[in-house]
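**Student:** Can you keep this structure in mind? I'll have questions shortly.
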Amino acid sequence: MGSETFDTQNVIDQEEILRPKMVTVEIAGKTFQVPEGITVIKALWYTGQDVVRGVGCLGGFCGACATYYRTKDDPKVRTCLACQTAVQDGMSFSMVPPFPARKAIYDVSKLQDPKQDLFTLYPEAPLCRNCNACTEACPQGIDVREGVWRAVFGDFKAVSEMFMDCVMCGLCTPVCIADIAPNLVALYASRAQGAHFTDRPERLTHRIQEIEEGRYDAEWDRVLSMNEQELKDLCAELK
Amino acid sequence: MDIHELQKIVHKTRDVRRTQTLPKYSPAERDTLIKKYHPDHRESAYRPVKFGPNAGDRTVRELAALLEGESPVPADLDLTPNYTTDVLVVGGGGAGCAAALHAHANGAKVTLATKLRLGDSNTVMAQGGIQVAVTADDSPVQHFLDTLKGGHMKNDHDLLKVMVEDGPSIAKWLLDLGVLFDRDADGNLHVKKGGGSSKPRLLTCSDYTGLEIMRVLKDEVLNQKIPLLEFSAVVELLSDGNGTCTGAVLRDLDNKRLLVVAAKSVILATGGIGRLHIQGFPTSNHYGATGDGLALAYRLGAKLLQIDTFQYHPSGAVFPEQLIGALVTEGIRSEGGHLVNAKGERFVNELDTRDVVSSSIIRECEEGRGIRTMSGRVGVWLDTPLLDVEHGAGTVAKHFPAMVKQYERFGLDISKDPVLIYPTLHYQNGGVQIDVHGEANVRNLFVAGEASGGLHGRNRLMGNSLLDLMVFGKQTGTTAAIRTAKMPQGKLTLDHLARFRAEAKKHGVASAVMSPMVLPAYAKKE
């Protein structure tokens with residue numbers, strides 16, 4: 001890319017970027033050498049492992065790559081998304097297989113009393129024993145335990161706001177001693193909040209009506225009958 | 001030099017830059033810029049396709065090889081169906097889920113196959129929003145014109161009219177399913193302005209619009225008990241021998257077996273091609289974005305269009321190395337973030353269309369005004385702290401929580417320091433040619449979303465992709481379901497494959513490339 005024209009002043013040449021250091025990591029119990037700072041998922045590829053289950057968007061949004069890890073000499077096992085976490089020396093990690101949590105089946109449009117229905121759909125939700133393991137397990141930093149209680153107390157609005165960051169990795173489910181699937185409870189509460197406790201936006205309703213009534217038909221006729229140059233000129237006027 | 005040293009010029013020049021207004025380029029200037037710097041115009045990266053419906057058309061070498069590639073299905077495969085369905089939806093992203101839900105709602109027996117998990121897609125990553133003309137001084141016609149201008153006047157007018165007119169009802173459909181779009185104080189939908197749009201028209205769920213929509217659609221597919229075949233990649237389509245699509249062959253990625261699905265119609269919602277790493281570009285796309293649908297449809301005789309044009313999102317992360325290719329949402333520029341070169345200068349109106357902004361970033365870098373990293377990458381600054389300066393402390397954290405989190409993991413605070421960006425391969429502008437119902441020129445073969453072509457012309461506008469997925473998911477799902485209700489299942493043959501192989505031989509293509517790719521081969525084997 002024309003690098004010879006570069007001003008040498010504009011180069012990030014920190015040593016750690018210049019020559020990646022190799023570090024030792026343990027992947028599912030086996031030791032490997034990988035370049036420091038690559039992501040956990042890239043470390044799997046670097047060590048020759050084909051990954052089919054456990055990779056999705058690679059952007060930190062889909063929750064497919066839930067992983068348990070531990071750093072050197074620290075007994076604490078933590079959770080992360082493998083595509084978003086850099087490896088470091090002495091790190092030990094394993095991808096988390098899908099957990100067989102129960103998802104309630106419901107028709108969101110037909111819920112009669114969504115806040116009560118929660119207890120029929122997820123009867124385990126109010127049994128939270130406040131251990132806080134779900135919150136600690138969340139790689140997105142959501143206060144999951146608080147969210148479960150908010151759902152139980154019917155504050156679906158708060159739940160929907162707290163869980164907007166939720167990537168549905170499900171790491172909160174295997175740790176729950178009350179067999180709650182907090183992410184699924186939150187998704188239910190959020191959908192109910194949107195479908196049942198949020199007013200329909202007036203302007204949108206109005207716009208749909210306008211389109212149905214043919215309010216734009218004349219404008220469409222005018223625009224669609226234009227030749228290419230006329231259309232081009234019209235578009236050029238847009239700011 | 002340390003990155004913080006280099007960032008100083010961005011902080012130093014901020015106040016001066018804040019007083020500047022950069023005009024957008026004139027149409028002539030745009031053309032010159034794009035022809036000179038846009039990757040679509042790098043001739044050496046292109047070649048003509050040798051045979052098939054698009055013989056002679058130029059496309060990138062990586063895609064040409066897949067279109068001419070060899071099918072993994074043997075000619076003598078036993079075609080006794082393992083599954084029978086009315087509508088087979090291929091792909092579990094936004095378009096696939098929307099298609100499945102609409103087909104199901106219209107009474108069809110639907111099966112959804114996806115090579116990863118339900119929901120693993122580009123949709124889930126869409127941060128910018130969904131364009132719907134809802135405000136009083138906006139209209140579907142205005143949306144149409146903006147999109148046409150952005151697409152360099154090459155959009156299919158009929159498809160585009162369908163999309164913009166259906167936008168408001170799609171927004172309602174999503175609201176009814178429980179999607180929580182941002183609201184104004186008066187309860188109306190909050191709108192933001194996107195690059196290349198003349199009116200604020202983006203509906204958002206903070207910077208998680210795609211995630212919120214995907215979470216809800218995925219949940220709804222499960223609630224409707226639509227049968228799923230996950231980790232099952234379609235590797236070949238089937239036809240009745242007379243040019244009508246009648247099913248597909250899947251590969252179960254767990255046990256590697258081939259499975260036959262008899263389907264009265266097939267909806268391809270297989271997404272884009274970022275993982276082909278065209279011209280060596282990094283990509284913002286998900287793991288499965290390997291263009292499978294294009295190769296599958298092409299072998300069955302479907303015509304593709306505008307396969308020479310791709311969208312390079314202006315702001316892909318260049319630093320740190322772990323985030324290479326990941327997107328820094330356009331929302332940052334929508335809210336006033338400046339692009340700044342190594343001299344501390346702005347060089348383009350940041351809200352111009354993606355192709356223009358990308359081309360100008362490439363120009364800055366090629367002319368020596370970029371910032372290089374020692375891993376051999378180059379980029380320009382995106383002044384993220386400016387947003388807090390302009391709109392008050394905490395703006396970045398409040399409006400872009402996903403972005404903040406992504407960088408925080410690497411010890412970088414984007415509300416304090418600018419980020420280094422360079423264009424990243426983002427979107428396939430063209431695809432399989434479709435009519436307003438989403439049907440290809442092969443009967444009963446439908447295509448929805450990024451795999452289809454024509455709607456976006458030669459450059460897609462921000463926020464039009466999510467709308468495309470929802471609208472053409474609905475068009476294809478509805479049309480397929482209604483049609484299949486009164487139609488018998490056609491016979492299953494691989495006749496088209498025999499013809500394709502004969503043609504490949506005739507043109508001297510002894511392809512070692514297996515197609516579709518299904519997943520990129522990233523695992524280091526030596």
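Naming works like this for the structure tokens: A, B, ... for the chains as they're shown, residue 1 at the start of each chain, ligands 1 onward in shown order.
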Can you tell me, as a PyMOL selection string, what residues are no more than 12 Å from Asp468 in chain B when counting only C-alpha atoms, ignoring any on the same chain fewer than 2 positions away?
**Tutor:** chain B and resi 94-96+98-99+123+130-132+147+159-167+170+269+271+429+436+438+447-456+460-466+470-476
**Student:** Go ahead and save the residues from that selection, with N, CA and C atoms, as a short mmCIF file (atom, residue, chain, number, x, y, z; two decimals), in the first residue's frame.
**Tutor:**
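Listing of selection-v7.cif after writing:
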data_model
loop_
_atom_site.label_atom_id
_atom_site.label_comp_id
_atom_site.auth_asym_id
_atom_site.auth_seq_id
_atom_site.Cartn_x
_atom_site.Cartn_y
_atom_site.Cartn_z
N GLY B 94 -31.38 -13.26 9.93
CA GLY B 94 -32.59 -12.43 9.89
C GLY B 94 -33.53 -12.81 8.76
N ALA B 95 -32.99 -12.95 7.54
CA ALA B 95 -33.85 -13.26 6.40
C ALA B 95 -34.44 -14.66 6.53
N GLY B 96 -33.64 -15.61 6.97
CA GLY B 96 -34.10 -16.99 7.12
C GLY B 96 -35.21 -17.10 8.15
N ALA B 98 -37.17 -14.67 9.27
CA ALA B 98 -38.37 -13.95 8.81
C ALA B 98 -39.10 -14.80 7.77
N ALA B 99 -38.36 -15.38 6.83
CA ALA B 99 -38.99 -16.22 5.80
C ALA B 99 -39.72 -17.40 6.43
N THR B 123 -26.73 -10.65 10.78
CA THR B 123 -27.84 -9.86 11.34
C THR B 123 -27.58 -9.50 12.80
N ILE B 130 -32.28 0.09 11.51
CA ILE B 130 -33.10 -0.33 10.38
C ILE B 130 -33.80 0.92 9.84
N GLN B 131 -33.69 1.13 8.53
CA GLN B 131 -34.26 2.35 7.93
C GLN B 131 -35.74 2.18 7.66
N VAL B 132 -36.54 3.03 8.26
CA VAL B 132 -37.97 3.05 7.97
C VAL B 132 -38.42 4.51 7.97
N THR B 147 -31.94 5.82 -1.39
CA THR B 147 -31.34 4.51 -1.64
C THR B 147 -30.81 4.42 -3.07
N LEU B 159 -38.04 -3.74 -6.90
CA LEU B 159 -37.65 -4.32 -5.61
C LEU B 159 -37.58 -3.22 -4.56
N LEU B 160 -36.99 -2.11 -4.95
CA LEU B 160 -36.77 -1.03 -4.00
C LEU B 160 -38.09 -0.43 -3.51
N LYS B 161 -39.05 -0.30 -4.42
CA LYS B 161 -40.35 0.24 -4.03
C LYS B 161 -41.02 -0.69 -3.01
N VAL B 162 -40.93 -1.99 -3.28
CA VAL B 162 -41.51 -2.96 -2.34
C VAL B 162 -40.88 -2.79 -0.96
N MET B 163 -39.55 -2.64 -0.93
CA MET B 163 -38.87 -2.55 0.36
C MET B 163 -39.28 -1.30 1.13
N VAL B 164 -39.20 -0.14 0.50
CA VAL B 164 -39.46 1.09 1.26
C VAL B 164 -40.93 1.20 1.67
N GLU B 165 -41.83 0.70 0.82
CA GLU B 165 -43.26 0.79 1.15
C GLU B 165 -43.66 -0.16 2.27
N ASP B 166 -42.93 -1.28 2.35
CA ASP B 166 -43.29 -2.24 3.38
C ASP B 166 -42.62 -1.94 4.72
N GLY B 167 -41.68 -0.99 4.69
CA GLY B 167 -40.92 -0.67 5.91
C GLY B 167 -41.78 -0.43 7.14
N ILE B 170 -43.38 -3.50 8.48
CA ILE B 170 -42.37 -4.37 9.08
C ILE B 170 -42.03 -3.89 10.49
N ALA B 269 -31.41 -18.15 2.16
CA ALA B 269 -31.17 -16.94 2.96
C ALA B 269 -29.78 -17.12 3.57
N GLY B 271 -26.94 -15.38 3.09
CA GLY B 271 -26.08 -14.26 3.44
C GLY B 271 -24.95 -13.99 2.48
N ASN B 429 -22.95 -6.40 -2.50
CA ASN B 429 -24.03 -5.56 -3.02
C ASN B 429 -24.95 -6.33 -3.96
N VAL B 436 -40.04 -9.39 -7.55
CA VAL B 436 -40.56 -8.75 -6.33
C VAL B 436 -41.01 -9.75 -5.26
N GLY B 438 -39.17 -12.32 -4.63
CA GLY B 438 -37.92 -12.93 -4.20
C GLY B 438 -37.59 -14.21 -4.95
N VAL B 447 -34.85 -16.36 -3.04
CA VAL B 447 -33.64 -15.87 -2.38
C VAL B 447 -33.99 -14.60 -1.60
N ALA B 448 -33.60 -14.56 -0.34
CA ALA B 448 -33.91 -13.39 0.49
C ALA B 448 -32.66 -12.88 1.17
N GLY B 449 -32.56 -11.56 1.27
CA GLY B 449 -31.46 -10.95 2.02
C GLY B 449 -30.21 -10.76 1.20
N GLU B 450 -29.07 -10.82 1.88
CA GLU B 450 -27.80 -10.47 1.23
C GLU B 450 -27.47 -11.36 0.03
N ALA B 451 -27.94 -12.59 0.03
CA ALA B 451 -27.65 -13.50 -1.09
C ALA B 451 -28.32 -13.04 -2.38
N SER B 452 -29.35 -12.21 -2.27
CA SER B 452 -30.03 -11.73 -3.47
C SER B 452 -29.36 -10.44 -3.95
N GLY B 453 -29.69 -10.07 -5.19
CA GLY B 453 -29.06 -8.86 -5.75
C GLY B 453 -30.08 -7.96 -6.42
N GLY B 454 -29.67 -6.72 -6.68
CA GLY B 454 -30.51 -5.80 -7.43
C GLY B 454 -31.09 -4.68 -6.59
N LEU B 455 -31.46 -5.01 -5.37
CA LEU B 455 -32.13 -4.04 -4.51
C LEU B 455 -31.24 -2.85 -4.14
N HIS B 456 -29.98 -3.14 -3.85
CA HIS B 456 -29.11 -2.09 -3.31
C HIS B 456 -28.23 -1.41 -4.37
N ARG B 460 -24.90 -0.32 -0.85
CA ARG B 460 -26.04 -0.36 0.05
C ARG B 460 -25.95 0.75 1.09
N LEU B 461 -27.07 1.35 1.40
CA LEU B 461 -27.09 2.35 2.46
C LEU B 461 -27.21 1.68 3.83
N MET B 462 -26.58 2.31 4.79
CA MET B 462 -26.68 1.86 6.18
C MET B 462 -28.14 1.72 6.58
N GLY B 463 -28.46 0.62 7.26
CA GLY B 463 -29.82 0.45 7.77
C GLY B 463 -30.78 -0.15 6.77
N ASN B 464 -30.36 -0.28 5.51
CA ASN B 464 -31.25 -0.88 4.52
C ASN B 464 -31.14 -2.41 4.49
N SER B 465 -30.09 -2.93 5.10
CA SER B 465 -29.94 -4.38 5.07
C SER B 465 -30.95 -5.05 5.99
N LEU B 466 -31.05 -4.56 7.24
CA LEU B 466 -32.02 -5.16 8.16
C LEU B 466 -33.43 -5.09 7.56
N MET B 470 -36.03 -8.33 6.43
CA MET B 470 -37.39 -8.49 6.95
C MET B 470 -38.41 -8.48 5.81
N VAL B 471 -38.24 -7.55 4.86
CA VAL B 471 -39.21 -7.42 3.78
C VAL B 471 -39.15 -8.62 2.83
N PHE B 472 -37.95 -8.99 2.41
CA PHE B 472 -37.89 -10.10 1.45
C PHE B 472 -37.96 -11.46 2.13
N GLY B 473 -37.72 -11.50 3.44
CA GLY B 473 -38.05 -12.71 4.19
C GLY B 473 -39.56 -12.91 4.11
N LYS B 474 -40.28 -11.82 4.30
CA LYS B 474 -41.75 -11.87 4.25
C LYS B 474 -42.24 -12.20 2.84
N GLN B 475 -41.70 -11.52 1.83
CA GLN B 475 -42.13 -11.76 0.45
C GLN B 475 -41.93 -13.22 0.05
N THR B 476 -40.73 -13.73 0.30
CA THR B 476 -40.42 -15.10 -0.11
C THR B 476 -41.23 -16.11 0.70
#
**Student:** Please provide the set of residues having any atom within 9 Å of Tyr407 in chain B, restricted to only C-alpha atoms, with same-chain residues fewer than 6 positions apart removed, written as JSON, numbers by chain.
**Tutor:** {"B": [320, 323, 413, 414]}
**Student:** Got time to write the residues from that selection, N, CA and C atoms, as a short mmCIF file (atom, residue, chain, number, x, y, z; two decimals), in the first residue's frame?
**Tutor:**
data_model
loop_
_atom_site.label_atom_id
_atom_site.label_comp_id
_atom_site.auth_asym_id
_atom_site.auth_seq_id
_atom_site.Cartn_x
_atom_site.Cartn_y
_atom_site.Cartn_z
N PRO B 320 -6.55 -2.82 18.36
CA PRO B 320 -5.49 -3.84 18.41
C PRO B 320 -5.74 -4.98 17.42
N LEU B 323 -8.87 -7.21 17.19
CA LEU B 323 -10.15 -6.69 16.69
C LEU B 323 -10.14 -6.47 15.18
N ASP B 413 -9.97 2.85 26.14
CA ASP B 413 -11.16 3.62 26.47
C ASP B 413 -11.48 4.55 25.30
N ILE B 414 -12.48 4.18 24.49
CA ILE B 414 -12.76 4.94 23.27
C ILE B 414 -13.41 6.30 23.56
#
**Student:** Can you list, as a ChimeraX atom specification, every protein, DNA or RNA residue that comes within 12 Å of Arg53 in chain A when you count only C-alpha atoms, leaving out same-chain residues fewer than 5 positions away?
**Tutor:** /A:41,63-66,95-98 /B:115-118,120,230-232,253-254,287-288,519
**Student:** As number ranges by chain, please: all residues of range 13-211 of chain A that backbone DSSP puts in alpha helix (DSSP H).
**Tutor:** A: 15-18, 40-46, 114-121, 133-137, 144-152, 156-162, 182-196, 202-211
**Student:** Produce a file of the selected residues containing C-alpha atoms, as a PDB file, in the first residue's frame.
**Tutor:**
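Saved result, selection_38.pdb, follows:
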ATOM      1  CA  GLU A  15       7.770  -3.718  21.006  1.00  0.00           C
ATOM      2  CA  GLU A  16       4.853  -5.955  21.957  1.00  0.00           C
ATOM      3  CA  ILE A  17       3.239  -5.303  18.590  1.00  0.00           C
ATOM      4  CA  LEU A  18       6.497  -5.664  16.684  1.00  0.00           C
ATOM      5  CA  VAL A  40      -8.996 -17.562  22.373  1.00  0.00           C
ATOM      6  CA  ILE A  41     -10.752 -18.651  19.186  1.00  0.00           C
ATOM      7  CA  LYS A  42      -7.692 -17.850  17.086  1.00  0.00           C
ATOM      8  CA  ALA A  43      -5.604 -19.865  19.536  1.00  0.00           C
ATOM      9  CA  LEU A  44      -7.808 -22.857  18.763  1.00  0.00           C
ATOM     10  CA  TRP A  45      -7.225 -22.371  15.035  1.00  0.00           C
ATOM     11  CA  TYR A  46      -3.525 -21.734  15.583  1.00  0.00           C
ATOM     12  CA  PRO A 114     -47.824 -11.598  30.996  1.00  0.00           C
ATOM     13  CA  LYS A 115     -46.571 -10.740  34.472  1.00  0.00           C
ATOM     14  CA  GLN A 116     -48.558 -13.607  36.031  1.00  0.00           C
ATOM     15  CA  ASP A 117     -47.915 -15.896  33.056  1.00  0.00           C
ATOM     16  CA  LEU A 118     -44.234 -15.747  33.925  1.00  0.00           C
ATOM     17  CA  PHE A 119     -44.925 -18.031  36.892  1.00  0.00           C
ATOM     18  CA  THR A 120     -46.675 -20.607  34.721  1.00  0.00           C
ATOM     19  CA  LEU A 121     -44.060 -20.512  31.980  1.00  0.00           C
ATOM     20  CA  ALA A 133     -23.471 -17.075  40.553  1.00  0.00           C
ATOM     21  CA  CYS A 134     -25.362 -15.986  37.408  1.00  0.00           C
ATOM     22  CA  THR A 135     -24.151 -12.415  37.713  1.00  0.00           C
ATOM     23  CA  GLU A 136     -20.605 -13.622  38.223  1.00  0.00           C
ATOM     24  CA  ALA A 137     -20.877 -15.888  35.201  1.00  0.00           C
ATOM     25  CA  VAL A 144     -28.348 -11.086  36.118  1.00  0.00           C
ATOM     26  CA  ARG A 145     -29.546 -11.913  39.642  1.00  0.00           C
ATOM     27  CA  GLU A 146     -31.105  -8.475  40.005  1.00  0.00           C
ATOM     28  CA  GLY A 147     -32.735  -8.976  36.603  1.00  0.00           C
ATOM     29  CA  VAL A 148     -34.366 -12.252  37.670  1.00  0.00           C
ATOM     30  CA  TRP A 149     -35.818 -10.546  40.765  1.00  0.00           C
ATOM     31  CA  ARG A 150     -37.035  -7.599  38.734  1.00  0.00           C
ATOM     32  CA  ALA A 151     -38.805 -10.031  36.403  1.00  0.00           C
ATOM     33  CA  VAL A 152     -40.392 -11.811  39.355  1.00  0.00           C
ATOM     34  CA  PHE A 156     -40.290  -5.955  32.931  1.00  0.00           C
ATOM     35  CA  LYS A 157     -39.173  -2.542  31.718  1.00  0.00           C
ATOM     36  CA  ALA A 158     -36.074  -2.643  33.895  1.00  0.00           C
ATOM     37  CA  VAL A 159     -35.353  -6.213  32.784  1.00  0.00           C
ATOM     38  CA  SER A 160     -35.568  -5.261  29.128  1.00  0.00           C
ATOM     39  CA  GLU A 161     -33.128  -2.401  29.649  1.00  0.00           C
ATOM     40  CA  MET A 162     -30.703  -4.437  31.758  1.00  0.00           C
ATOM     41  CA  PRO A 182     -32.082 -16.278  33.604  1.00  0.00           C
ATOM     42  CA  ASN A 183     -31.404 -15.299  29.985  1.00  0.00           C
ATOM     43  CA  LEU A 184     -34.611 -17.014  28.848  1.00  0.00           C
ATOM     44  CA  VAL A 185     -36.623 -15.456  31.666  1.00  0.00           C
ATOM     45  CA  ALA A 186     -35.243 -12.052  30.671  1.00  0.00           C
ATOM     46  CA  LEU A 187     -36.004 -12.608  26.997  1.00  0.00           C
ATOM     47  CA  TYR A 188     -39.580 -13.486  27.882  1.00  0.00           C
ATOM     48  CA  ALA A 189     -39.914 -10.380  30.055  1.00  0.00           C
ATOM     49  CA  SER A 190     -38.392  -8.165  27.347  1.00  0.00           C
ATOM     50  CA  ARG A 191     -40.658  -9.474  24.628  1.00  0.00           C
ATOM     51  CA  ALA A 192     -43.705  -9.119  26.861  1.00  0.00           C
ATOM     52  CA  GLN A 193     -42.607  -5.581  27.694  1.00  0.00           C
ATOM     53  CA  GLY A 194     -42.414  -4.717  24.004  1.00  0.00           C
ATOM     54  CA  ALA A 195     -45.555  -6.526  22.899  1.00  0.00           C
ATOM     55  CA  HIS A 196     -47.853  -5.721  25.851  1.00  0.00           C
ATOM     56  CA  GLU A 202     -48.707   7.050  16.767  1.00  0.00           C
ATOM     57  CA  ARG A 203     -46.682   8.329  13.859  1.00  0.00           C
ATOM     58  CA  LEU A 204     -45.937   4.810  12.647  1.00  0.00           C
ATOM     59  CA  THR A 205     -49.613   3.851  12.756  1.00  0.00           C
ATOM     60  CA  HIS A 206     -50.389   7.008  10.833  1.00  0.00           C
ATOM     61  CA  ARG A 207     -47.738   6.268   8.193  1.00  0.00           C
ATOM     62  CA  ILE A 208     -49.024   2.727   7.631  1.00  0.00           C
ATOM     63  CA  GLN A 209     -52.510   4.159   7.152  1.00  0.00           C
ATOM     64  CA  GLU A 210     -51.219   6.766   4.685  1.00  0.00           C
ATOM     65  CA  ILE A 211     -49.562   4.095   2.585  1.00  0.00           C
TER      66      ILE A 211
END
**Student:** Provide the CA of Val513 in chain B to CA of Thr244 in chain B distance in Å, to one decimal place.
**Tutor:**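 Result for CA of Val513 in chain B versus CA of Thr244 in chain B: 26.3 Å, one decimal.
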**Student:** Can you work out which one of A:Asp143, A:Glu219, A:Asp179, A:Glu26 has the shortest atom-to-atom distance to chain B, counting only C-alpha atoms?
**Tutor:**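 Looking at the shortest contact to chain B, the residue is A:Glu219.
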**Student:** Just the strand (DSSP E) stuff from range 365-518 of chain B, please, per backbone DSSP, written as a ChimeraX atom specification.
**Tutor:** /B:371-373,378-383,419-428,431-433,445-447,452-453
**Student:** Show me, as a JSON list (two decimals) with C-alpha atoms, in the first residue's frame, the residues that have an atom within 6 Å of Pro385 in chain B when counting only C-alpha atoms, minus same-chain residues fewer than 3 positions from it.
**Tutor:**
[["chain", "number", "residue", "atom", "x", "y", "z"],
["B", 388, "ASP", "CA", -18.34, 13.40, 24.62],
["B", 415, "SER", "CA", -14.37, 7.84, 25.11],
["B", 416, "LYS", "CA", -10.88, 9.14, 25.90]]
**Student:** Would you pick out the contacts of Phe61 in chain A at 8 Å or less, using only C-alpha atoms, so that residues sharing its chain but fewer than 4 positions from it are not included, and give the list as a ChimeraX atom specification?
**Tutor:** /A:57,167 /B:124-125,211
**Student:** Could you name the residues that touch Val77 in chain A at 10 Å or less, counting only C-alpha atoms, but leaving out those on the same chain fewer than 2 positions away, as number ranges by chain?
**Tutor:** A: 68-71, 74-75, 79, 92-93, 137
**Student:** Would you mind listing what lies within 9 Å of Ile482 in chain B as a ChimeraX atom specification, with only C-alpha atoms counted and same-chain residues fewer than 5 positions away left out?
**Tutor:** /B:103,106-108,477
**Student:** Looking at only C-alpha atoms, which of A:Gln33, A:Gln140, A:Thr24, A:Thr173 is the one that sits closest to chain B?
**Tutor:**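 Closest candidate: A:Gln140.
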**Student:** State, in Å with one decimal place, the distance from CA of Arg47 in chain B to CA of Val60 in chain B.
**Tutor:**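 It comes out at 6.3 Å.
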**Student:** Kindly give the distance, in Å, that separates CA of Gly291 in chain B and CA of Cys97 in chain B, rounded to a single decimal.
**Tutor:**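 Computing the Euclidean distance for CA of Gly291 in chain B and CA of Cys97 in chain B yields 18.2 Å.
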